[in-house]
Amino acid sequence: MKLLRFALWLFVLPTWINAYGQTLCNHTIPASQTTVNGVDIAPGDTVCLLGGNKDFLFFSQLVGTAEKPIVVVNRNGNVIIHTTHFYGIKFSHCKHVKLLGINSDSYGIRILKVANGAGISVDELSTNIEIAYVEVSNTAFGGIYAKTEPDCSFESTRDKFLLSGLHIHHCYIHDVADEGMYIGSAKYTGQYLPACDTTVLPHLLTDVRVHDNIVERTGWDGIQVSSTTADCSIFNNIIRSDSYRETNGQMSGILIGGGSNCDCYNNQILDGKGDGIDIFGFGEMKIYNNLIVRAGKSFQPENNNVPKHGIFIGNAPDNAGARFKIMHNTIIKPKTTGLRFSNFFTSANLFFNNIIANPGASPNMGEAAYFDNSTAQNNFNLKQNLFSEQVEPLGFVDFANDNYDLRAGSVAVNKAFDAGLNNVPFDILNRPRPHNSASDIGAYECQAVNARVQAMGVNDRKMNVSFNAEQGKIVSTIFFSSNDIVDFQLFDANGKLLSSYTELVVGPGEHQFSFSVKSYPPGIYFLQCRSKNHQLSKKFLIQ
């Protein structure tokens with residue numbers, strides 16, 4: 001492929017922001033107004049919520065398009081909701097809407113209390129909804145609900161309705177009585193409706209992305225996703241202190257429920273009373289680069305007959321088949337076992353390059369405290385996992401303060417099994433993997449530079465990637481300190497290699513490379529540049 005040089009492209013500003021970074025408003029909603037009806041709001045319009053206190057917000061019939069969504073933002077201060085109502089914000093019959101609390105230093109839309117209900121409800125046949133930079137707290141029920149409950153109108157049954165394009169990111173959800181997020185119906189195999197004496201199948205979801213959220217102190221599960229059959233990713237979330245109500249069946253940091261096929265990666269789950277991750281889904285799922293610390297340790301700590309695990313995998317409710325790739329996770333001090341595998345409808349599962357340290361059951365269960373498999377042993381291929389009764393010898397940067405990055409001398413450094421097509425090209429902090437000659441075991445890839453690479457000037461190198469939506473291209477700008485031969489590889493967020501560009505000759509100085517990405521759907525991607533002795537990686541977003 002020929003080396004190309006271009007002038008740097010500027011990002012095209014969204015239509016709702018002018019050249020000075022100010023929000024352009026087609027409709028302005030005063031603080032006293034609580035209902036926003038879409039009768040006079042057109043696709044592509046921007047609705048500005050003026051800052052101030054509101055009792056609640058009800059969005060009805062806001063209908064945008066994929067190309068021209070309706071954008072709802074705060075303006076001139078934070079929007080504050082503190083209510084005795086049964087919801088803080090509700091979407092009814094809405095489609096292609098973005099709710100963005102962006103005009104603030106942190107969360108521009110803040111739901112501080114809902115005395116009799118949930119924080120946000122994506123309800124009544126609403127679909128293609130994005131929620132970002134919103135705070136939800138002190139709710140009587142869950143933080144965010146996203147599903148339409150079936151009723152005797154039968155409009156939201158599986159054959160009639162699909163919720164697609166749900167995107168929840170950069171939100172702060174805390175101190176809620178039930179789930180932090182409840183996405184999709186947990187009754188995947190059927191829901192009985194007493195009013196019409198019949199059982200129906202609730203609707204499904206596709207294209208669900210939940211990422212970069214902070215979820216703290218939830219009464220039940222931190223994040224629950226069910227009935228989401230395709231294109232589902234849960235990543236880059238921080239979840240602390242889940243399941244404080246100790247309700248059986250509602251205790252996990254992340255729950256991937258029946259009917260779901262979701263990849264789950266780069267999450268940090270700490271100090272929950274439940275399991276770190278519970279999985280009851282189907283299909284091929286990738287669970288990788290997660291940090292799980294002290295899962296279930298504070299749940300009846302004196303009772304060893306009540307188990308809690310770092311990761312628990314059970315049968316799907318309809319006994320659907322599954323295959324799991326569980327790789328590069330770091331699991332520290334779970335109450336009982338690191339991984340409890342109890343799905344009897346799987347085959348060809350992978351368990352590679354995981355760290356499990358100090359599981360509570362190790363004095364009684366021995367090796368099974370790390371990997372407890374109830375199924376046939378040939379269901380799993382185990383490679384290069386690191387099990388340890390103690391945390392200290394593993395060489396973490398500062399385990400006493402929950403920093404589980406790896407020191408240069410760690411026994412996990414450069415020891416990972418080369419998983420071939422299943423390799424993960426980045427770590428939990430989105431740093432390139434491998435960093436040196438080989439990958440590291442666990443969620444973190446040690447960034448200490450070995451002497452040979454440092455001498456060759458790797459610290460002089462910088463790499464940036466920009467995406468041009470109009471032309472469907474990415475531009476990578478890299479500074480090289482010496483002559484080199486490089487190649488590029490493009491990966492999706494799940495580590496799948498999409499394309500390669502090889503043997504590009506470069507000299508000292510700054511170079512720009514352009515690649516077409518028109519054929520790829522919106523999402524997170526990684527561009528990796530490699531030479532004989534160096535490797536750089538950069539995350540970018542196609543939208």
# chains A, B, ... in the order shown; residues from 1 in each chain; ligands from 1
>>> closest_atom_pairs(of="stretch 383-450 of chain A", to="stretch 322-327 of chain A", cutoff="12 Å", atoms="only C-alpha atoms", output="tab-separated table")
residue	atom	partner	partner_atom	distance
A:Lys383	CA	A:Met327	CA	9.6
A:Gln384	CA	A:Met327	CA	10.1
A:Asn385	CA	A:Met327	CA	9.0
A:Leu386	CA	A:Met327	CA	11.6
A:Ala416	CA	A:Met327	CA	10.1
A:Phe417	CA	A:Met327	CA	10.2
A:Asp418	CA	A:Met327	CA	11.4
A:Ala419	CA	A:Met327	CA	9.5
A:Leu421	CA	A:Lys325	CA	11.7
A:Asn422	CA	A:Lys325	CA	8.3
A:Asn423	CA	A:Met327	CA	8.9
A:Val424	CA	A:Met327	CA	8.2
A:Pro425	CA	A:Met327	CA	11.8
A:Phe426	CA	A:Met327	CA	11.9
A:Asp427	CA	A:Met327	CA	10.9
A:Ile428	CA	A:Met327	CA	11.6
A:Ser439	CA	A:Met327	CA	11.9
A:Asp440	CA	A:Met327	CA	11.2
A:Ile441	CA	A:Met327	CA	8.9
A:Gly442	CA	A:Met327	CA	7.8
A:Ala443	CA	A:Met327	CA	8.3
A:Tyr444	CA	A:Met327	CA	11.6
>>> select_by_dssp(residues="stretch 44-93 of chain A", states="strand (DSSP E)", output="PDB file with C-alpha atoms, in the first residue's frame")
ATOM      1  CA  THR A  46     -31.966  20.618  19.204  1.00  0.00           C
ATOM      2  CA  VAL A  47     -34.078  21.010  22.333  1.00  0.00           C
ATOM      3  CA  CYS A  48     -32.437  23.048  25.096  1.00  0.00           C
ATOM      4  CA  LEU A  49     -33.490  22.559  28.699  1.00  0.00           C
ATOM      5  CA  LEU A  50     -32.772  25.732  30.637  1.00  0.00           C
ATOM      6  CA  GLY A  51     -30.986  25.139  33.915  1.00  0.00           C
ATOM      7  CA  GLY A  52     -32.953  25.055  37.133  1.00  0.00           C
ATOM      8  CA  ASN A  53     -35.096  22.798  39.291  1.00  0.00           C
ATOM      9  CA  LYS A  54     -37.724  20.535  37.738  1.00  0.00           C
ATOM     10  CA  LEU A  57     -39.348  15.461  32.639  1.00  0.00           C
ATOM     11  CA  PHE A  58     -41.707  13.654  30.270  1.00  0.00           C
ATOM     12  CA  PHE A  59     -40.610  13.303  26.637  1.00  0.00           C
ATOM     13  CA  SER A  60     -43.424  12.250  24.299  1.00  0.00           C
ATOM     14  CA  ILE A  70     -33.303  14.971  17.995  1.00  0.00           C
ATOM     15  CA  VAL A  71     -30.779  16.222  20.549  1.00  0.00           C
ATOM     16  CA  VAL A  72     -31.846  17.286  24.045  1.00  0.00           C
ATOM     17  CA  VAL A  73     -29.237  19.199  26.077  1.00  0.00           C
ATOM     18  CA  ASN A  74     -29.113  21.414  29.128  1.00  0.00           C
ATOM     19  CA  ARG A  75     -28.354  25.112  28.661  1.00  0.00           C
ATOM     20  CA  ASN A  76     -27.354  27.890  31.090  1.00  0.00           C
ATOM     21  CA  GLY A  77     -26.742  25.641  34.070  1.00  0.00           C
ATOM     22  CA  ASN A  78     -27.609  22.213  35.382  1.00  0.00           C
ATOM     23  CA  VAL A  79     -31.071  20.718  35.171  1.00  0.00           C
ATOM     24  CA  ILE A  80     -31.915  19.438  38.665  1.00  0.00           C
ATOM     25  CA  ILE A  81     -34.717  16.936  39.364  1.00  0.00           C
ATOM     26  CA  HIS A  82     -35.772  16.260  42.955  1.00  0.00           C
ATOM     27  CA  THR A  83     -39.243  14.741  43.005  1.00  0.00           C
ATOM     28  CA  TYR A  87     -39.994   8.765  37.652  1.00  0.00           C
ATOM     29  CA  GLY A  88     -37.414  11.466  37.100  1.00  0.00           C
ATOM     30  CA  ILE A  89     -37.289  11.339  33.283  1.00  0.00           C
ATOM     31  CA  LYS A  90     -39.473   9.264  30.975  1.00  0.00           C
ATOM     32  CA  PHE A  91     -39.360   8.593  27.218  1.00  0.00           C
ATOM     33  CA  SER A  92     -42.716   7.678  25.658  1.00  0.00           C
TER      34      SER A  92
END
>>> atom_distance(atom1="atom CA of A:His211", atom2="atom CA of A:Cys264")
9.9 Å
>>> residues_around(residues="A:His167", least_positions_apart="5", cutoff="9 Å", atoms="only C-alpha atoms", output="ChimeraX atom specification")
/A:128-132,207-211
>>> closest_residue(among="A:Asp212, A:Asp263, A:Glu155, A:Glu67", to="A:Glu124", atoms="only C-alpha atoms")
A:Glu155
>>> residues_around(residues="stretch 243-252 of chain A", least_positions_apart="3", cutoff="6 Å", atoms="only C-alpha atoms", output="number ranges by chain")
A: 218-221, 273-277
>>> write_last_selection(atoms="C-alpha atoms", output="PDB file, in the first residue's frame")
ATOM      1  CA  THR A 218     -27.016  -0.309  44.239  1.00  0.00           C
ATOM      2  CA  GLY A 219     -29.524  -2.372  46.207  1.00  0.00           C
ATOM      3  CA  TRP A 220     -29.569  -5.068  43.514  1.00  0.00           C
ATOM      4  CA  ASP A 221     -27.379  -5.718  40.455  1.00  0.00           C
ATOM      5  CA  LYS A 273     -21.867  -8.273  47.996  1.00  0.00           C
ATOM      6  CA  GLY A 274     -22.791 -10.296  44.909  1.00  0.00           C
ATOM      7  CA  ASP A 275     -20.831 -12.150  42.247  1.00  0.00           C
ATOM      8  CA  GLY A 276     -18.626  -9.958  40.122  1.00  0.00           C
ATOM      9  CA  ILE A 277     -20.183 -11.047  36.817  1.00  0.00           C
TER      10      ILE A 277
END
>>> closest_residue(among="A:Arg217, A:Arg294, A:Lys98, A:His170", to="A:Leu62", atoms="only C-alpha atoms")
A:Lys98
>>> closest_atom_pairs(of="stretch 98-171 of chain A", to="stretch 230-237 of chain A", cutoff="12 Å", atoms="only C-alpha atoms", output="Markdown table")
| residue | atom | partner | partner_atom | distance |
| --- | --- | --- | --- | --- |
| A:Leu162 | CA | A:Ala230 | CA | 11.7 |
| A:Leu163 | CA | A:Ala230 | CA | 11.5 |
| A:Ser164 | CA | A:Asp231 | CA | 9.6 |
| A:Gly165 | CA | A:Asp231 | CA | 9.4 |
| A:Leu166 | CA | A:Cys232 | CA | 9.5 |
| A:His167 | CA | A:Ser233 | CA | 9.9 |
| A:Ile168 | CA | A:Ile234 | CA | 9.8 |
| A:His169 | CA | A:Asn237 | CA | 8.8 |
| A:His170 | CA | A:Asn237 | CA | 8.7 |
| A:Cys171 | CA | A:Asn237 | CA | 9.7 |
>>> write_last_selection(atoms="N, CA and C atoms", output="PDB file, in the first residue's frame")
ATOM      1  N   LEU A 162     -39.112  -4.052  18.494  1.00  0.00           N
ATOM      2  CA  LEU A 162     -37.698  -4.282  18.781  1.00  0.00           C
ATOM      3  C   LEU A 162     -37.096  -2.980  19.276  1.00  0.00           C
ATOM      4  N   LEU A 163     -36.462  -3.015  20.451  1.00  0.00           N
ATOM      5  CA  LEU A 163     -35.749  -1.834  20.951  1.00  0.00           C
ATOM      6  C   LEU A 163     -34.310  -1.948  20.456  1.00  0.00           C
ATOM      7  N   SER A 164     -33.899  -1.003  19.639  1.00  0.00           N
ATOM      8  CA  SER A 164     -32.563  -1.045  19.048  1.00  0.00           C
ATOM      9  C   SER A 164     -31.848   0.274  19.296  1.00  0.00           C
ATOM     10  N   GLY A 165     -30.538   0.228  19.230  1.00  0.00           N
ATOM     11  CA  GLY A 165     -29.768   1.464  19.306  1.00  0.00           C
ATOM     12  C   GLY A 165     -29.821   2.142  20.658  1.00  0.00           C
ATOM     13  N   LEU A 166     -29.716   1.358  21.740  1.00  0.00           N
ATOM     14  CA  LEU A 166     -29.667   1.933  23.089  1.00  0.00           C
ATOM     15  C   LEU A 166     -28.209   2.156  23.482  1.00  0.00           C
ATOM     16  N   HIS A 167     -27.888   3.391  23.813  1.00  0.00           N
ATOM     17  CA  HIS A 167     -26.502   3.761  24.085  1.00  0.00           C
ATOM     18  C   HIS A 167     -26.476   4.571  25.385  1.00  0.00           C
ATOM     19  N   ILE A 168     -25.924   3.984  26.452  1.00  0.00           N
ATOM     20  CA  ILE A 168     -25.848   4.647  27.758  1.00  0.00           C
ATOM     21  C   ILE A 168     -24.379   4.755  28.144  1.00  0.00           C
ATOM     22  N   HIS A 169     -23.892   5.970  28.288  1.00  0.00           N
ATOM     23  CA  HIS A 169     -22.458   6.128  28.557  1.00  0.00           C
ATOM     24  C   HIS A 169     -22.187   7.393  29.360  1.00  0.00           C
ATOM     25  N   HIS A 170     -21.080   7.357  30.085  1.00  0.00           N
ATOM     26  CA  HIS A 170     -20.596   8.497  30.875  1.00  0.00           C
ATOM     27  C   HIS A 170     -21.664   9.043  31.831  1.00  0.00           C
ATOM     28  N   CYS A 171     -22.414   8.119  32.429  1.00  0.00           N
ATOM     29  CA  CYS A 171     -23.386   8.496  33.452  1.00  0.00           C
ATOM     30  C   CYS A 171     -22.879   8.099  34.834  1.00  0.00           C
TER      31      CYS A 171
END
>>> closest_residue(among="A:Ala361, A:Pro521, A:Asn430, A:Ser121", to="A:Tyr265", atoms="only C-alpha atoms")
A:Asn430
>>> select_by_dssp(residues="stretch 315-485 of chain A", states="alpha helix (DSSP H)", output="ChimeraX atom specification")
/A:362-365,451-455
>>> residues_around(residues="A:Ala115", least_positions_apart="6", cutoff="12 Å", atoms="only C-alpha atoms", output="PyMOL selection string")
chain A and resi 55-56+81-88+137-142+176-177
>>> decode(residues="stretch 371-435 of chain A", atoms="C-alpha atoms", output="tab-separated table (two decimals), in the first residue's frame")
chain	number	residue	atom	x	y	z
A	371	PHE	CA	-11.58	-22.76	38.48
A	372	ASP	CA	-14.67	-24.70	39.59
A	373	ASN	CA	-16.13	-26.52	36.60
A	374	SER	CA	-19.23	-28.68	37.03
A	375	THR	CA	-19.26	-29.76	33.38
A	376	ALA	CA	-17.09	-32.16	31.41
A	377	GLN	CA	-13.43	-31.20	31.56
A	378	ASN	CA	-13.12	-31.30	27.78
A	379	ASN	CA	-15.54	-28.38	27.55
A	380	PHE	CA	-12.64	-26.09	28.43
A	381	ASN	CA	-9.23	-25.33	27.02
A	382	LEU	CA	-7.13	-23.86	29.85
A	383	LYS	CA	-3.88	-22.06	29.05
A	384	GLN	CA	-1.43	-20.04	31.14
A	385	ASN	CA	-3.65	-18.92	33.99
A	386	LEU	CA	-1.93	-17.67	37.12
A	387	PHE	CA	-3.41	-18.93	40.41
A	388	SER	CA	-2.04	-17.80	43.76
A	389	GLU	CA	-3.12	-18.20	47.38
A	390	GLN	CA	-1.58	-14.82	48.16
A	391	VAL	CA	-1.82	-11.46	46.39
A	392	GLU	CA	1.52	-9.94	47.37
A	393	PRO	CA	3.88	-12.26	45.40
A	394	LEU	CA	2.22	-11.47	42.06
A	395	GLY	CA	4.01	-8.14	41.64
A	396	PHE	CA	1.16	-5.63	41.48
A	397	VAL	CA	2.05	-1.94	41.63
A	398	ASP	CA	0.16	-1.26	44.89
A	399	PHE	CA	-2.35	-3.97	45.77
A	400	ALA	CA	-2.93	-2.47	49.25
A	401	ASN	CA	-4.55	0.50	47.48
A	402	ASP	CA	-6.22	-1.61	44.77
A	403	ASN	CA	-3.74	-0.76	42.02
A	404	TYR	CA	-3.42	-4.07	40.16
A	405	ASP	CA	-1.28	-2.82	37.33
A	406	LEU	CA	1.87	-4.92	36.95
A	407	ARG	CA	5.39	-4.00	38.00
A	408	ALA	CA	8.20	-4.76	35.59
A	409	GLY	CA	9.33	-7.73	37.70
A	410	SER	CA	5.90	-9.34	38.06
A	411	VAL	CA	5.62	-13.07	37.43
A	412	ALA	CA	2.77	-12.25	35.01
A	413	VAL	CA	4.85	-10.07	32.66
A	414	ASN	CA	5.53	-11.53	29.20
A	415	LYS	CA	4.08	-14.89	30.28
A	416	ALA	CA	0.71	-14.93	28.50
A	417	PHE	CA	-0.24	-17.71	26.10
A	418	ASP	CA	-0.30	-16.58	22.48
A	419	ALA	CA	-3.98	-17.12	21.68
A	420	GLY	CA	-3.63	-16.46	17.96
A	421	LEU	CA	-6.90	-15.21	16.48
A	422	ASN	CA	-8.24	-14.82	20.03
A	423	ASN	CA	-5.50	-12.42	21.12
A	424	VAL	CA	-6.70	-9.26	22.88
A	425	PRO	CA	-4.80	-6.24	21.43
A	426	PHE	CA	-5.35	-3.87	24.39
A	427	ASP	CA	-5.56	-4.01	28.18
A	428	ILE	CA	-8.09	-2.75	30.72
A	429	LEU	CA	-6.70	0.79	30.40
A	430	ASN	CA	-6.82	0.58	26.57
A	431	ARG	CA	-3.04	0.38	26.33
A	432	PRO	CA	-1.50	-1.76	23.56
A	433	ARG	CA	-1.04	-5.46	24.18
A	434	PRO	CA	1.62	-6.76	23.93
A	435	HIS	CA	3.80	-3.89	25.06
